[in-house]
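Notes follow the structure.
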Amino acid sequence: MNVVTQLPAGVSGLVIAGIFVAAQSTISSSLNAVASRFVVDFKQRYFNHAFRKISDVALARWVIIISGLLATCVTIYFVTGNQSSTWEIFLAVSGMFGVPVAGLFVLGIFTKRANSKGVLIGFLISVVISFIANNMGIPSLLVATIALLSSIVFGYLFSFIFKQDKNLNGLTIYSLNK
């Protein structure tokens with residue numbers, strides 16, 4: 001049953017407007033989060049000396065424009081394609097990149113040993129392993145499980161090689177009360 005045809009004309013317009021407002025809010029907050037992470041994590045941390053002439057706000061605006069255009073192109077590609085393959089692509093990409101990030105959070109919160117170099121190497125190995133597993137025809141949810149476990153295992157193992165370089169007080173479950 002079509003809900004819009006059952007509602008009075010003004011109310012159905014408000015429902016449609018509410019849906020568009022919710023979508024616009026989600027897109028806006030996502031684009032702002034991407035721009036904020038780019039400026040804070042990359043520009044200010046690594047490239048601040050090279051980009052002194054560009055203000056943080058101007059750079060964030062450019063990042064929003066570029067990521068918005070990229071997202072629009074990806075959306076057009078998905079809309080014009082087969083919708084069942086779109087779901088498989090989503091599962092494959094989130095299994096290859098999103099799930100290893102969850103493994104990084106698990107390592108950071110639940111272990112004392114994890115450090116940035118070790119978990120970065122574990123993340124990269126996990127992405128490669130999940131890419132190979134995905135190309136072997138393994139189901140997407142199993143690829144996600146493999147990605148999570150490999151991210152945790154390799155991140156933990158490589159953290160033994162590198163020295164802990166930061167104070168972890170208050171950052172793990174073992175040091176919350178310190």
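All residue names refer to the structure tokens as shown: chains lettered A, B, ... in order, residues numbered from 1 in each chain, ligands numbered from 1 in order.
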
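All residues of protein, DNA or RNA that reach within 12 Å of region 65-72 of chain A, judged by only C-alpha atoms and not counting those fewer than 3 positions away in the chain, are Ile27, Ser28, Ser29, Ser30, Leu31, Asn32, Ala33, Val34, Ala35, Phe38, Ala58, Leu59, Ala60, Arg61, Trp62, Thr75, Ile76, Tyr77, Phe78 and Val79 of chain A.
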
Counting only C-alpha atoms, what is within 12 Å of Ser151 (chain A), bar same-chain residues fewer than 3 positions away, as a PyMOL selection string?
chain A and resi 95-108+114+118-130+143-148+154-159

When you count only C-alpha atoms, which of these residues is closest to Ile89 (chain A): A:Ile152, A:Val11, A:Pro139, A:Gly18?
A:Pro139

Give me, as a ChimeraX atom specification, the residues of region 18-175 of chain A that a backbone DSSP run labels helix (DSSP H, G or I).
/A:18-46,56-80,83-110,116-135,140-161

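Minimum distance to Glu88 (chain A) across A:Val153, A:Ile138, A:Leu7, A:Ile16 (counting only C-alpha atoms) occurs at A:Ile138.
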
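A straight line drawn from CA of Phe131 (chain A) to CA of Ala92 (chain A) is 8.4 Å long.
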